[in-house]
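**Q** Once you've had a glance at the structure underneath, I'll fire off some questions.
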Amino acid sequence: MAQRFVRVRTIQKQTYYGLLQLDRSVQVLDAPPWLEGQPTDLNLEPDSYQLLAPCAPTKILAVGRNYPHHASEMGTSVPEEPLFFLKPPTTVTADSHPIYYPKQSQQLDYEGELALVVGTRTSHCMPEQAHSRIWGYTITNDVTARDLQRKDSQWARSKGFDSFCPLGPWIVRNLSAGANLQTFLNDAPEPLQSTSIDQMVFSAEFLVSYISQVMTLLPGDLILTGTPAGVGAMQIGDRVRVQIEGIGSLENTVAAPKVEG
Ligand code: MG
């Protein structure tokens with residue numbers, strides 16, 4: 001089994017990066033693994049921590065219409081250059097945590113996606129160098145308030161509510177080029193989205209290089225690589241699961257709007 005890199009919070013409220021073991025204990029690292037974190041002799045028992053999202057990005061870049069069939073279902077074509085936008089880091093939430101349905105929206109869509117985790121400070125990198133800048137891979141759901149996206153010319157609102165970037169549950173170092181990505185809703189056995197990630201219009205390496213010509217990517221930053229065809233709405237109480245072969249699955253439940261307390 002591939003090594004699974006996690007971020008956890010202990011019951012004493014300490015946050016650590018670590019390696020998830022087969023018995024669900026966590027071997028703690030002394031720094032994020034992409035910053036050369038080394039194993040320590042601290043081992044956390046399975047009932048002594050909760051999983052957090054596996055990284056804490058300074059920024060999240062997301063790519064729109066990067067699968068041809070999704071571009072068609074949105075009534076558009078594939079862009080000539082990557083179309084990217086930002087999601088704030090406060091959108092990030094962990095596996096099993098709620099996605100909060102905002103009161104401003106009447107249509108909340110799932111978008112299952114592969115996320116790239118950047119490992120090193122990257123600026124103006126060529127596509128040939130980009131592979132070495134991708135430290136690992138994880139799963140995300142680029143949750144979108146579709147009605148607000150249609151209404152707004154900028155997507156900060158429709159893509160930016162708290163909890164709109166479920167991420168995890170862990171990061172793996174390698175992924176096969178033809179890995180399958182699937183999205184399921186509740187107990188339906190058939191996926192609503194299903195593709196091989198090699199159907200992306202712009203490859204992971206191309207995206208890293210392209211974005212790095214604009215802004216410096218920092219260790220732990222995320223690139224969401226776009227969603228395949230089959231996007232659709234979620235209702236309060238729905239469970240949405242995004243699965244990527246070779247990583248695992250990310251599951252979240254849609255909850256009523258969060259009340260400020
Ligand atoms: Mg998306």
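Residues in the structure tokens are numbered from 1 in each chain, the chains being A, B, ... in the order shown, and ligands are numbered from 1 in the order shown.
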For Ser123 in chain A, find every residue with an atom within 12 Å (counting only C-alpha atoms), except residues of its own chain fewer than 4 positions away, and show them as a PyMOL selection string.
**A** chain A and resi 118+127+129-130+133+208-219
**Q** As a list of chain:residue names, list the residues of range 111-234 of chain A assigned to alpha helix (DSSP H) by DSSP on the backbone atoms of this structure.
**A**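 Across range 111-234 of chain A, those assigned alpha helix (DSSP H) are A:Pro127, A:Glu128, A:Gln129, A:Ala130, A:Arg146, A:Asp147, A:Leu148, A:Gln149, A:Arg150, A:Lys151, A:Ala204, A:Glu205, A:Phe206, A:Leu207, A:Val208, A:Ser209, A:Tyr210, A:Ile211, A:Ser212.
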**Q** Identify, on the basis of only C-alpha atoms, every residue whose closest approach to Arg7 in chain A does not exceed 6 Å; exclude the query and any residue fewer than 4 positions from it along the same chain; express the result as a list in words.
**A**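 Once the adjacent positions are removed, what remains is Tyr16, Tyr17, Leu52 and Pro54 of chain A.
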**Q** Include N, CA, C and O atoms and write out the residues we just selected as a PDB file, in the first residue's frame.
**A**
ATOM      1  N   TYR A  16      -0.173  17.925  14.014  1.00  0.00           N
ATOM      2  CA  TYR A  16       1.034  17.264  13.509  1.00  0.00           C
ATOM      3  C   TYR A  16       0.816  16.763  12.084  1.00  0.00           C
ATOM      4  O   TYR A  16      -0.310  16.401  11.722  1.00  0.00           O
ATOM      5  N   TYR A  17       1.900  16.713  11.336  1.00  0.00           N
ATOM      6  CA  TYR A  17       1.926  15.920  10.101  1.00  0.00           C
ATOM      7  C   TYR A  17       2.410  14.532  10.475  1.00  0.00           C
ATOM      8  O   TYR A  17       3.187  14.377  11.426  1.00  0.00           O
ATOM      9  N   LEU A  52      -7.249  15.963  10.031  1.00  0.00           N
ATOM     10  CA  LEU A  52      -7.505  17.277   9.442  1.00  0.00           C
ATOM     11  C   LEU A  52      -7.333  17.131   7.932  1.00  0.00           C
ATOM     12  O   LEU A  52      -6.891  16.082   7.451  1.00  0.00           O
ATOM     13  N   PRO A  54      -5.204  17.269   4.729  1.00  0.00           N
ATOM     14  CA  PRO A  54      -3.803  16.846   4.813  1.00  0.00           C
ATOM     15  C   PRO A  54      -2.759  17.922   4.554  1.00  0.00           C
ATOM     16  O   PRO A  54      -1.568  17.672   4.710  1.00  0.00           O
TER      17      PRO A  54
END
**Q** Using only C-alpha atoms, can you tell me which of A:Ser105, A:Ser158, A:Ser25, A:Thr91 comes closest to Ala256 in chain A?
**A**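 Ranked by minimum distance to Ala256 in chain A, first place goes to A:Ser105.
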**Q** Check every protein, DNA and RNA residue against ligand 1, keep those with an atom at most 7 Å away (counting only C-alpha atoms and all ligand atoms), and present them as number ranges by chain.
**A** A: 62-64, 111, 113, 142, 224, 226-227
